[in-house]
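J.: To start, I am sharing the structure in question, which I have written as structure tokens.
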Amino acid sequence: MSKHLLKIALIGNPNTGKTSLFNKLTGLNQQTGNYPGVTVDRKLGYTQLTDGQKAAVLDLPGTYSLNASSIDESVVTDLLLNPADKDYPDVIVVVTEVENLKRNLLLFTQIKDLQLPVVLAINMADRMQKRGISLDIPALETALDTKIALISSRKNTGIKELKTLITERNTLSRNPIIDIRTVDENFFKSVEQTAPSRNVYESWLFLSSEHYKLNDQAPDPKQLSVTASDLKRLQQKEVIKRYQFINNVLKSAQKTDLSQATDWRYKLDRIFTHRIFGYLIFAAILLLIFNAIFSWSSIPMDAIDAAFASLSEYTKSHMTPGMLQELLADGIIPGIGGIVIFIPQIAFLFLFISVLEESGYMSRVVFLMDRIMRRFGLSGKSVVPLISGTACAIPAIMAARNIENWKERLITILVTPFTTCSARLPVYSIIISLVIPNRIVLGFISMQALVLMGMYLIGFAMAILAATILNKIIKLKTKQYFVIEMPDYKWPLPQNIGITVVEKTKAFVMGAGKIILAISVILWFLASYGPGENMDQAGARVTMEQEYANGGTYEQAVAAARLEESYIGRLGRGIEPVIKPLGYDWKIGIAILTSFAAREVFVGTLATIYSVGGTEDEETIKQKMRAQTDVKTGKPIFDLGTGLSILMFYAFAMQCVSTLAITKRETNSWKWPLMQLAIMTVLAYCIAFVVHEIAS
Amino acid sequence: MPTLQNLPLSHAAVVVNFNPDAVPLKLIEMGLIAGAEVKLIQIAPLGDPYLFEISGSYVAIRKELAAQIEVAEVSQLSHE
């Protein structure tokens, strides 16, 4: 029989260093999430509590309260109200921090009232002296009826004591701390009667939240003859009651010497949210990110490309020729190489995004941009999805949960897929390096980096334009409100950044890798074989004239002729009429077709097709693409017109099944994802067509 | 009665009253309750939103929400 693994849940307000503590406890022993990007859902890891005891640790999204006012917050409440959940915790660690203890304790009192075993971790203890704060821990433990660990996840102190308290969980008190009935005696008595065996606070949570309106556990408000407005007033009374209690506790147990407080945040805010410098700094940061993605990462990328080319070469010269050798050398190795090459760029992207999030700078951008974004029907908070959308639209769309206003949130969800996600990056960088000259402009910026930045700007501009139009079209009456906490500035912890970059990059490579591996094997087969004897006949028909017309060798001409008669060639030529106006040949058409479900498959597909249809002379993916010529004219396939047309197509097309699925989930309707798909595809086709016409 | 919307920059005031239907629970959970001291720390470059310090927390809200919250005992913050 397997021993029951102890489950610990970390719950706390945003910006309390909860994720730092999670990383300290679990290290790299984490389960990779489904999607790259910021944490929005549950995250699981493992820790060694004592020499003999292992435990599972669950990191939950930051929340201010159990009164779920956003979906993000309801993740926590959902879990705590459902003992049947596989992640239901045996013990809860409420993470708070010294400077915002008062506000942090609100959530603590709520969890305590659910009668669950709770340990209170007070984080950032290293800042106490600097801020002139002193705490009477024994007095707090008595008043709050719990055990307290004073920790610093940055300085790595108090972690051992916290683990000890967790192992002693059976001694923790499970008594509620505030009797909810004192908020309104008569009313809560009747709430209690709706489910006499249940904790009354639990019944109240089911009743008061909009989120549980349709839940069969929720008491019927009509039966209790209360209106939504009554419920809201009671919720407010409850919060006030809790604050009265917390203020009383802290009055005696917490001392603050204000003269010790430093004013770093004011100085930094004066610069970062300045009416001129604020925007300039923001623009400079974006420029730096794009330059890093394009210029700096080209060095490791070229090395990876060359390494895969020689690996393929090595396989060809050292394995006995046959099907397996061809499959490896022409199918699997180029296919995998087509994704591994983008690790440096994706790692850079996640590095910058997590630094912006961790340091507290992202909230300043929200503050700075709210007035501007509102003009387009968005919220300042839409900046976070739009920026993290440069990594991946899926977590970005989930990050839109923080937007309180439904109309602003819906528009954000709909336009986020226009931002240039990391899956577009492979396509952009390979095409740009083929069709844009590698020159330095303005003294230090590479022209290719500028074009790449232009692509990002087009993405953002399209998102904004679409938002403006949607804002006019969508008629929804929603309450206007916007509340955002501005956390203190913090130096990003290298460990946190490191783990984020490694985990997210791994998730990207593994996720895309599986699809690409499968597709490259299938493609290789379809490209290497064809119906009947057609392929051999086509190869034999190649004449000297064709050979010279193409400017290539006899072998190349034969390989190209055979490829055209293969299964994939026939399929490709079948769809050619549709894509011809955009300037694509059938091979690009196949790549667009295979990348319909996921954009990043594009390069891998071309790499596989070109490997089969080429000879050993061209080695790297780039060289192979550059060597492609038109059969009739002998001109390169990837000229400026076709290149720009591909760029535009990928900028606007909705080629991501996962994004459609998440839009469906977040909007709870098929209407919006289908609209996204139809509009974006038509738009992509039209713009790519126009651009090709102009550039040719 | 003055509201948080017309509180001058670098001034503090005490929350007296607000329309419970217009103010989101989240703001109350951040500590905005009657009797709490609120300081206007900063106004965003384009005149909106406002950044307040509410019992130790720094919270930004839009002007129209600030207009819903009535305050009293307005005083100027001493310069540090």
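Chains: A, B, ... in order of the structure tokens. Residues: from 1 per chain. Ligands: from 1, in order shown.
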Find the residues around Leu80 (chain A) up to 9 Å (only C-alpha atoms counted), leave out those fewer than 2 positions away in its own chain, and share them as a count of residues only.
T.: 12
J.: Sorted by chain and rising residue number, list the residues of chain A at most 10 Å from chain B (counting only C-alpha atoms), each with its closest atom pair and distance in Å to one decimal, as JSON lines.
T.:
{"residue": "A:Tyr64", "atom": "CA", "partner": "B:Glu29", "partner_atom": "CA", "distance": 7.1}
{"residue": "A:Ser65", "atom": "CA", "partner": "B:Glu29", "partner_atom": "CA", "distance": 7.2}
{"residue": "A:Asn67", "atom": "CA", "partner": "B:Leu25", "partner_atom": "CA", "distance": 8.4}
{"residue": "A:Ala68", "atom": "CA", "partner": "B:Lys26", "partner_atom": "CA", "distance": 9.3}
{"residue": "A:Ser69", "atom": "CA", "partner": "B:Lys26", "partner_atom": "CA", "distance": 7.2}
{"residue": "A:Ser70", "atom": "CA", "partner": "B:Lys26", "partner_atom": "CA", "distance": 9.6}
{"residue": "A:Glu99", "atom": "CA", "partner": "B:Gly56", "partner_atom": "CA", "distance": 7.5}
{"residue": "A:Asn100", "atom": "CA", "partner": "B:Gly56", "partner_atom": "CA", "distance": 6.4}
{"residue": "A:Leu101", "atom": "CA", "partner": "B:Gly56", "partner_atom": "CA", "distance": 9.1}
{"residue": "A:Lys102", "atom": "CA", "partner": "B:Gly56", "partner_atom": "CA", "distance": 8.3}
{"residue": "A:Arg103", "atom": "CA", "partner": "B:Met30", "partner_atom": "CA", "distance": 6.3}
{"residue": "A:Asn104", "atom": "CA", "partner": "B:Met30", "partner_atom": "CA", "distance": 9.1}
{"residue": "A:Leu106", "atom": "CA", "partner": "B:Glu29", "partner_atom": "CA", "distance": 7.6}
{"residue": "A:Leu107", "atom": "CA", "partner": "B:Glu29", "partner_atom": "CA", "distance": 9.1}
{"residue": "A:Ser229", "atom": "CA", "partner": "B:Asp21", "partner_atom": "CA", "distance": 7.1}
{"residue": "A:Asp230", "atom": "CA", "partner": "B:Asp21", "partner_atom": "CA", "distance": 9.9}
{"residue": "A:Lys232", "atom": "CA", "partner": "B:Asp21", "partner_atom": "CA", "distance": 7.7}
{"residue": "A:Arg233", "atom": "CA", "partner": "B:Pro20", "partner_atom": "CA", "distance": 6.7}
{"residue": "A:Gln235", "atom": "CA", "partner": "B:Leu25", "partner_atom": "CA", "distance": 7.6}
{"residue": "A:Gln236", "atom": "CA", "partner": "B:Leu25", "partner_atom": "CA", "distance": 6.6}
{"residue": "A:Lys237", "atom": "CA", "partner": "B:Ile33", "partner_atom": "CA", "distance": 9.7}
{"residue": "A:Glu238", "atom": "CA", "partner": "B:Glu29", "partner_atom": "CA", "distance": 10.0}
{"residue": "A:Val239", "atom": "CA", "partner": "B:Glu29", "partner_atom": "CA", "distance": 6.4}
{"residue": "A:Ile240", "atom": "CA", "partner": "B:Ile33", "partner_atom": "CA", "distance": 6.6}
{"residue": "A:Arg242", "atom": "CA", "partner": "B:Glu29", "partner_atom": "CA", "distance": 9.7}
{"residue": "A:Tyr243", "atom": "CA", "partner": "B:Gly31", "partner_atom": "CA", "distance": 7.7}
{"residue": "A:Gln244", "atom": "CA", "partner": "B:Ile33", "partner_atom": "CA", "distance": 9.9}
{"residue": "A:Ser259", "atom": "CA", "partner": "B:Glu80", "partner_atom": "CA", "distance": 9.4}
{"residue": "A:Thr262", "atom": "CA", "partner": "B:Glu80", "partner_atom": "CA", "distance": 10.0}
{"residue": "A:Asp263", "atom": "CA", "partner": "B:Glu80", "partner_atom": "CA", "distance": 8.8}
{"residue": "A:Tyr266", "atom": "CA", "partner": "B:Ile41", "partner_atom": "CA", "distance": 8.9}
{"residue": "A:Asp269", "atom": "CA", "partner": "B:Gln42", "partner_atom": "CA", "distance": 9.1}
{"residue": "A:Arg270", "atom": "CA", "partner": "B:Gln42", "partner_atom": "CA", "distance": 9.1}
{"residue": "A:Thr273", "atom": "CA", "partner": "B:Ala44", "partner_atom": "CA", "distance": 7.2}
{"residue": "A:His274", "atom": "CA", "partner": "B:Pro45", "partner_atom": "CA", "distance": 6.7}
{"residue": "A:Arg275", "atom": "CA", "partner": "B:Pro45", "partner_atom": "CA", "distance": 4.7}
{"residue": "A:Ile276", "atom": "CA", "partner": "B:Pro45", "partner_atom": "CA", "distance": 8.4}
{"residue": "A:Gly278", "atom": "CA", "partner": "B:Pro45", "partner_atom": "CA", "distance": 8.8}
{"residue": "A:Tyr279", "atom": "CA", "partner": "B:Pro45", "partner_atom": "CA", "distance": 9.7}
{"residue": "A:Ser363", "atom": "CA", "partner": "B:Ala60", "partner_atom": "CA", "distance": 9.6}
{"residue": "A:Arg364", "atom": "CA", "partner": "B:Ala44", "partner_atom": "CA", "distance": 9.6}
{"residue": "A:Val366", "atom": "CA", "partner": "B:Ala60", "partner_atom": "CA", "distance": 9.7}
{"residue": "A:Phe367", "atom": "CA", "partner": "B:Ala44", "partner_atom": "CA", "distance": 6.6}
{"residue": "A:Leu368", "atom": "CA", "partner": "B:Ala44", "partner_atom": "CA", "distance": 6.0}
{"residue": "A:Met369", "atom": "CA", "partner": "B:Ala44", "partner_atom": "CA", "distance": 8.7}
{"residue": "A:Asp370", "atom": "CA", "partner": "B:Pro49", "partner_atom": "CA", "distance": 7.1}
{"residue": "A:Arg371", "atom": "CA", "partner": "B:Asp48", "partner_atom": "CA", "distance": 6.0}
{"residue": "A:Ile372", "atom": "CA", "partner": "B:Leu46", "partner_atom": "CA", "distance": 8.1}
{"residue": "A:Gly380", "atom": "CA", "partner": "B:Pro49", "partner_atom": "CA", "distance": 9.5}
{"residue": "A:Glu404", "atom": "CA", "partner": "B:Pro24", "partner_atom": "CA", "distance": 9.5}
{"residue": "A:Lys479", "atom": "CA", "partner": "B:Ala22", "partner_atom": "CA", "distance": 8.4}
{"residue": "A:Gln480", "atom": "CA", "partner": "B:Leu65", "partner_atom": "CA", "distance": 8.1}
{"residue": "A:Tyr481", "atom": "CA", "partner": "B:Leu65", "partner_atom": "CA", "distance": 6.7}
{"residue": "A:Phe482", "atom": "CA", "partner": "B:Ile61", "partner_atom": "CA", "distance": 5.6}
{"residue": "A:Val483", "atom": "CA", "partner": "B:Ile61", "partner_atom": "CA", "distance": 5.0}
{"residue": "A:Ile484", "atom": "CA", "partner": "B:Ala60", "partner_atom": "CA", "distance": 5.2}
{"residue": "A:Glu485", "atom": "CA", "partner": "B:Val59", "partner_atom": "CA", "distance": 4.4}
{"residue": "A:Met486", "atom": "CA", "partner": "B:Tyr58", "partner_atom": "CA", "distance": 5.3}
{"residue": "A:Pro487", "atom": "CA", "partner": "B:Tyr58", "partner_atom": "CA", "distance": 6.9}
{"residue": "A:Asp488", "atom": "CA", "partner": "B:Tyr58", "partner_atom": "CA", "distance": 8.7}
J.: Output C-alpha atoms for every residue in the selection just made, as a PDB file, in the first residue's frame.
T.:
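Everything below was put into part30.pdb:
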ATOM      1  CA  TYR A  64      -6.791  38.901  -1.230  1.00  0.00           C
ATOM      2  CA  SER A  65      -9.786  37.070   0.099  1.00  0.00           C
ATOM      3  CA  ASN A  67     -14.802  36.169  -1.369  1.00  0.00           C
ATOM      4  CA  ALA A  68     -14.078  35.221  -4.920  1.00  0.00           C
ATOM      5  CA  SER A  69     -14.450  38.435  -6.890  1.00  0.00           C
ATOM      6  CA  SER A  70     -12.357  37.165  -9.806  1.00  0.00           C
ATOM      7  CA  GLU A  99       4.927  45.224   5.872  1.00  0.00           C
ATOM      8  CA  ASN A 100       1.355  44.400   4.876  1.00  0.00           C
ATOM      9  CA  LEU A 101       0.532  42.102   7.752  1.00  0.00           C
ATOM     10  CA  LYS A 102      -2.776  43.804   8.519  1.00  0.00           C
ATOM     11  CA  ARG A 103      -4.176  43.291   5.059  1.00  0.00           C
ATOM     12  CA  ASN A 104      -2.639  39.817   4.724  1.00  0.00           C
ATOM     13  CA  LEU A 106      -7.805  39.181   6.445  1.00  0.00           C
ATOM     14  CA  LEU A 107      -7.369  36.068   4.308  1.00  0.00           C
ATOM     15  CA  SER A 229     -27.496  43.996  -2.694  1.00  0.00           C
ATOM     16  CA  ASP A 230     -28.214  42.661   0.828  1.00  0.00           C
ATOM     17  CA  LYS A 232     -23.034  42.593  -0.730  1.00  0.00           C
ATOM     18  CA  ARG A 233     -23.724  44.698   2.341  1.00  0.00           C
ATOM     19  CA  GLN A 235     -20.003  40.843   2.886  1.00  0.00           C
ATOM     20  CA  GLN A 236     -18.833  44.372   3.572  1.00  0.00           C
ATOM     21  CA  LYS A 237     -19.932  44.106   7.197  1.00  0.00           C
ATOM     22  CA  GLU A 238     -18.009  40.855   7.472  1.00  0.00           C
ATOM     23  CA  VAL A 239     -14.818  42.456   6.139  1.00  0.00           C
ATOM     24  CA  ILE A 240     -15.184  45.383   8.547  1.00  0.00           C
ATOM     25  CA  ARG A 242     -12.502  41.097  10.480  1.00  0.00           C
ATOM     26  CA  TYR A 243     -10.514  44.318  10.255  1.00  0.00           C
ATOM     27  CA  GLN A 244     -11.732  45.409  13.669  1.00  0.00           C
ATOM     28  CA  SER A 259      11.324  57.188  11.408  1.00  0.00           C
ATOM     29  CA  THR A 262      13.004  54.456   3.804  1.00  0.00           C
ATOM     30  CA  ASP A 263      11.591  56.264   0.820  1.00  0.00           C
ATOM     31  CA  TYR A 266       8.900  57.217  -3.872  1.00  0.00           C
ATOM     32  CA  ASP A 269       8.163  55.865  -8.701  1.00  0.00           C
ATOM     33  CA  ARG A 270       9.068  59.462  -9.471  1.00  0.00           C
ATOM     34  CA  THR A 273       5.909  56.809 -13.606  1.00  0.00           C
ATOM     35  CA  HIS A 274       7.168  60.225 -14.714  1.00  0.00           C
ATOM     36  CA  ARG A 275       5.045  61.763 -17.458  1.00  0.00           C
ATOM     37  CA  ILE A 276       7.926  61.742 -19.922  1.00  0.00           C
ATOM     38  CA  GLY A 278       8.073  56.859 -17.533  1.00  0.00           C
ATOM     39  CA  TYR A 279       7.010  56.265 -21.127  1.00  0.00           C
ATOM     40  CA  SER A 363       2.238  47.316 -11.979  1.00  0.00           C
ATOM     41  CA  ARG A 364       3.810  50.704 -12.744  1.00  0.00           C
ATOM     42  CA  VAL A 366      -0.420  49.278 -15.642  1.00  0.00           C
ATOM     43  CA  PHE A 367      -0.682  52.574 -13.702  1.00  0.00           C
ATOM     44  CA  LEU A 368       0.991  54.488 -16.519  1.00  0.00           C
ATOM     45  CA  MET A 369      -1.073  52.953 -19.312  1.00  0.00           C
ATOM     46  CA  ASP A 370      -4.593  52.755 -17.856  1.00  0.00           C
ATOM     47  CA  ARG A 371      -5.780  56.139 -19.134  1.00  0.00           C
ATOM     48  CA  ILE A 372      -4.414  55.414 -22.617  1.00  0.00           C
ATOM     49  CA  GLY A 380      -4.386  49.342 -17.856  1.00  0.00           C
ATOM     50  CA  GLU A 404     -12.641  43.343 -13.096  1.00  0.00           C
ATOM     51  CA  LYS A 479     -19.685  48.247 -13.841  1.00  0.00           C
ATOM     52  CA  GLN A 480     -16.622  50.416 -14.248  1.00  0.00           C
ATOM     53  CA  TYR A 481     -14.009  49.637 -11.753  1.00  0.00           C
ATOM     54  CA  PHE A 482     -10.325  49.118 -11.458  1.00  0.00           C
ATOM     55  CA  VAL A 483      -8.303  48.306  -8.349  1.00  0.00           C
ATOM     56  CA  ILE A 484      -4.622  47.474  -8.463  1.00  0.00           C
ATOM     57  CA  GLU A 485      -2.056  47.092  -5.742  1.00  0.00           C
ATOM     58  CA  MET A 486       1.332  48.698  -6.330  1.00  0.00           C
ATOM     59  CA  PRO A 487       3.855  46.467  -4.594  1.00  0.00           C
ATOM     60  CA  ASP A 488       7.256  47.604  -3.345  1.00  0.00           C
TER      61      ASP A 488
END
J.: Check chain B with DSSP on the backbone and list each residue it calls strand (DSSP E or B), as a compact mmCIF listing (two decimals) with N, CA and C atoms, in the first residue's frame.
T.:
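Result file follows (part-v1.txt):
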# COMPACT_ATOMS: atom_id res chain seq x y z
N THR B 3 -14.64 64.32 -1.47
CA THR B 3 -14.42 62.91 -1.77
C THR B 3 -12.94 62.69 -2.08
N HIS B 11 -2.01 64.82 0.30
CA HIS B 11 -2.88 65.11 1.44
C HIS B 11 -3.47 63.79 1.95
N ALA B 12 -3.82 63.82 3.22
CA ALA B 12 -4.44 62.64 3.82
C ALA B 12 -5.84 62.98 4.27
N ALA B 13 -6.68 61.95 4.40
CA ALA B 13 -8.04 62.18 4.88
C ALA B 13 -8.54 60.90 5.52
N VAL B 14 -9.66 61.02 6.24
CA VAL B 14 -10.23 59.83 6.89
C VAL B 14 -11.53 59.47 6.16
N VAL B 15 -11.69 58.19 5.86
CA VAL B 15 -12.88 57.73 5.14
C VAL B 15 -14.09 57.85 6.07
N VAL B 16 -15.16 58.48 5.55
CA VAL B 16 -16.36 58.66 6.36
C VAL B 16 -17.46 57.72 5.88
N ASN B 17 -17.68 57.74 4.58
CA ASN B 17 -18.84 57.03 4.07
C ASN B 17 -18.66 56.77 2.58
N PHE B 18 -19.29 55.71 2.09
CA PHE B 18 -19.31 55.50 0.63
C PHE B 18 -20.55 54.73 0.25
N GLU B 37 -7.38 55.79 7.41
CA GLU B 37 -6.72 56.98 6.87
C GLU B 37 -6.21 56.68 5.46
N VAL B 38 -6.47 57.61 4.55
CA VAL B 38 -6.08 57.42 3.14
C VAL B 38 -5.23 58.61 2.70
N LYS B 39 -4.11 58.32 2.05
CA LYS B 39 -3.26 59.40 1.55
C LYS B 39 -3.19 59.33 0.03
N LEU B 40 -3.28 60.51 -0.60
CA LEU B 40 -3.12 60.54 -2.06
C LEU B 40 -1.63 60.70 -2.36
N ILE B 41 -1.03 59.64 -2.89
CA ILE B 41 0.41 59.62 -3.10
C ILE B 41 0.79 60.18 -4.45
N GLN B 42 0.01 59.80 -5.47
CA GLN B 42 0.40 60.18 -6.83
C GLN B 42 -0.80 60.15 -7.76
N ILE B 43 -0.73 60.96 -8.80
CA ILE B 43 -1.74 60.91 -9.85
C ILE B 43 -1.00 60.51 -11.13
N TYR B 50 -5.55 57.32 -9.75
CA TYR B 50 -4.94 57.88 -8.56
C TYR B 50 -4.29 56.76 -7.74
N LEU B 51 -3.15 57.08 -7.14
CA LEU B 51 -2.52 56.09 -6.26
C LEU B 51 -2.68 56.52 -4.80
N PHE B 52 -3.32 55.68 -4.00
CA PHE B 52 -3.53 55.98 -2.59
C PHE B 52 -2.75 55.03 -1.70
N GLU B 53 -2.41 55.53 -0.52
CA GLU B 53 -1.91 54.62 0.50
C GLU B 53 -3.05 54.43 1.49
N ILE B 54 -3.52 53.18 1.60
CA ILE B 54 -4.62 52.88 2.50
C ILE B 54 -4.09 51.95 3.58
N SER B 57 -1.13 49.87 2.57
CA SER B 57 -1.12 49.28 1.23
C SER B 57 -1.17 50.37 0.18
N TYR B 58 -0.51 50.15 -0.92
CA TYR B 58 -0.54 51.11 -2.02
C TYR B 58 -1.49 50.60 -3.08
N VAL B 59 -2.56 51.36 -3.31
CA VAL B 59 -3.62 50.89 -4.20
C VAL B 59 -3.99 52.00 -5.19
N ALA B 60 -4.04 51.62 -6.49
CA ALA B 60 -4.44 52.60 -7.50
C ALA B 60 -5.88 52.32 -7.91
N ILE B 61 -6.70 53.39 -7.98
CA ILE B 61 -8.09 53.27 -8.46
C ILE B 61 -8.36 54.41 -9.45
N ILE B 69 -16.22 57.99 -2.75
CA ILE B 69 -15.79 57.79 -1.37
C ILE B 69 -15.67 59.13 -0.65
N GLU B 70 -16.54 59.34 0.31
CA GLU B 70 -16.55 60.61 1.05
C GLU B 70 -15.55 60.58 2.19
N VAL B 71 -14.84 61.70 2.34
CA VAL B 71 -13.81 61.75 3.37
C VAL B 71 -13.94 63.02 4.21
N ALA B 72 -13.22 63.08 5.31
CA ALA B 72 -13.20 64.26 6.17
C ALA B 72 -11.81 64.43 6.75
N GLU B 73 -11.63 65.49 7.53
CA GLU B 73 -10.36 65.75 8.22
C GLU B 73 -9.17 65.76 7.26
N VAL B 74 -9.33 66.48 6.15
CA VAL B 74 -8.25 66.56 5.17
C VAL B 74 -7.06 67.30 5.78
N SER B 75 -5.88 66.72 5.63
CA SER B 75 -4.69 67.38 6.17
C SER B 75 -3.52 67.17 5.22
N GLN B 76 -2.59 68.11 5.25
CA GLN B 76 -1.44 68.00 4.35
C GLN B 76 -0.39 67.09 4.98
J.: Of the candidates A:Ala253, A:Val383, A:Ile609, A:Leu452, which shows the shortest atom-to-atom distance to Ile464 (chain A), using only C-alpha atoms?
T.: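 Counting only C-alpha atoms, the residue closest to Ile464 (chain A) is A:Val383.
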J.: Residues within 9 Å of Ile387 (chain A), please, as a PyMOL selection string. Count only C-alpha atoms; anything in the same chain fewer than 6 positions from it doesn't count.
T.: chain A and resi 353+396+419
J.: Take the residues that were just selected and, keeping C-alpha atoms, output them as a tab-separated table (two decimals), in the first residue's frame.
T.:
chain	number	residue	atom	x	y	z
A	353	ILE	CA	9.01	38.97	-18.61
A	396	ALA	CA	-1.85	35.76	-21.24
A	419	THR	CA	0.44	39.98	-30.05
J.: Between A:Ser312, A:Thr157, A:Gln30, A:Thr109, which is the closest to Ala507 (chain A) once you count only C-alpha atoms?
T.: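 So, comparing all the options, the nearest one is A:Gln30.
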J.: Write down as JSON, numbers by chain the residues belonging to region 578-671 of chain A that are assigned alpha helix (DSSP H) by DSSP computed on the backbone.
T.: {"A": [578, 579, 586, 587, 588, 589, 590, 591, 592, 593, 594, 601, 602, 603, 604, 605, 606, 607, 608, 609, 610, 611, 612, 621, 622, 623, 624, 625, 626, 640, 641, 642, 643, 644, 645, 646, 647, 648, 649, 650, 651, 652, 657, 658, 659, 660, 661, 662, 663, 664, 665, 666, 667, 671]}
J.: Using only C-alpha atoms, which protein or nucleic acid residues come within 9 Å of Thr146 (chain A)? Drop anything in the same chain fewer than 4 positions from it, and give the result as a list in words.
T.: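 Result of the neighbour search: Lys112, Pro117, Val118, Val119, Leu120, Leu140, Glu141, Thr142, Leu172, Ser173 and Arg174 of chain A.
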J.: Fewer than 3 positions away in the same chain doesn't count, so skip those; otherwise give me all residues within 12 Å of Leu150 (chain A), counting only C-alpha atoms, as number ranges by chain.
T.: A: 94-98, 119-128, 134-138, 140-141, 147, 153, 155-163, 165
J.: Let me see the file: selected residues, C-alpha atoms, as a PDB file, in the first residue's frame.
T.:
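Result written to out00.pdb:
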ATOM      1  CA  VAL A  94      -0.869  31.177   4.840  1.00  0.00           C
ATOM      2  CA  VAL A  95       1.986  33.316   3.554  1.00  0.00           C
ATOM      3  CA  THR A  96       2.019  36.929   4.732  1.00  0.00           C
ATOM      4  CA  GLU A  97       4.693  39.598   4.851  1.00  0.00           C
ATOM      5  CA  VAL A  98       5.733  41.971   7.617  1.00  0.00           C
ATOM      6  CA  VAL A 119       0.314  27.602   9.918  1.00  0.00           C
ATOM      7  CA  LEU A 120       1.022  31.325   9.555  1.00  0.00           C
ATOM      8  CA  ALA A 121       4.270  32.169   7.759  1.00  0.00           C
ATOM      9  CA  ILE A 122       5.348  35.799   8.128  1.00  0.00           C
ATOM     10  CA  ASN A 123       7.725  36.423   5.246  1.00  0.00           C
ATOM     11  CA  MET A 124      10.344  39.104   4.548  1.00  0.00           C
ATOM     12  CA  ALA A 125      11.456  39.052   8.171  1.00  0.00           C
ATOM     13  CA  ASP A 126      14.779  40.467   6.956  1.00  0.00           C
ATOM     14  CA  ARG A 127      13.027  43.769   6.218  1.00  0.00           C
ATOM     15  CA  MET A 128      11.665  44.228   9.732  1.00  0.00           C
ATOM     16  CA  SER A 134       8.763  44.692  15.705  1.00  0.00           C
ATOM     17  CA  LEU A 135       6.363  41.808  16.333  1.00  0.00           C
ATOM     18  CA  ASP A 136       5.411  40.039  19.549  1.00  0.00           C
ATOM     19  CA  ILE A 137       5.214  36.511  18.141  1.00  0.00           C
ATOM     20  CA  PRO A 138       3.929  34.660  21.248  1.00  0.00           C
ATOM     21  CA  LEU A 140       0.240  36.935  17.994  1.00  0.00           C
ATOM     22  CA  GLU A 141       0.167  33.136  18.252  1.00  0.00           C
ATOM     23  CA  LYS A 147       1.579  28.646  15.094  1.00  0.00           C
ATOM     24  CA  SER A 153      12.499  33.230   1.610  1.00  0.00           C
ATOM     25  CA  LYS A 155      17.619  35.224   2.987  1.00  0.00           C
ATOM     26  CA  ASN A 156      16.657  31.564   3.474  1.00  0.00           C
ATOM     27  CA  THR A 157      15.888  31.861   7.187  1.00  0.00           C
ATOM     28  CA  GLY A 158      13.104  30.223   9.189  1.00  0.00           C
ATOM     29  CA  ILE A 159      12.387  27.577   6.533  1.00  0.00           C
ATOM     30  CA  LYS A 160      13.446  24.760   8.866  1.00  0.00           C
ATOM     31  CA  GLU A 161      11.174  26.065  11.623  1.00  0.00           C
ATOM     32  CA  LEU A 162       8.301  26.273   9.144  1.00  0.00           C
ATOM     33  CA  LYS A 163       8.859  22.646   8.118  1.00  0.00           C
ATOM     34  CA  LEU A 165       5.509  23.349  12.347  1.00  0.00           C
TER      35      LEU A 165
END
J.: Have a look at A:Lys504, A:Arg665, A:Arg439, A:Lys514 and name the one nearest to Ala391 (chain A); count only C-alpha atoms.
T.: A:Lys504
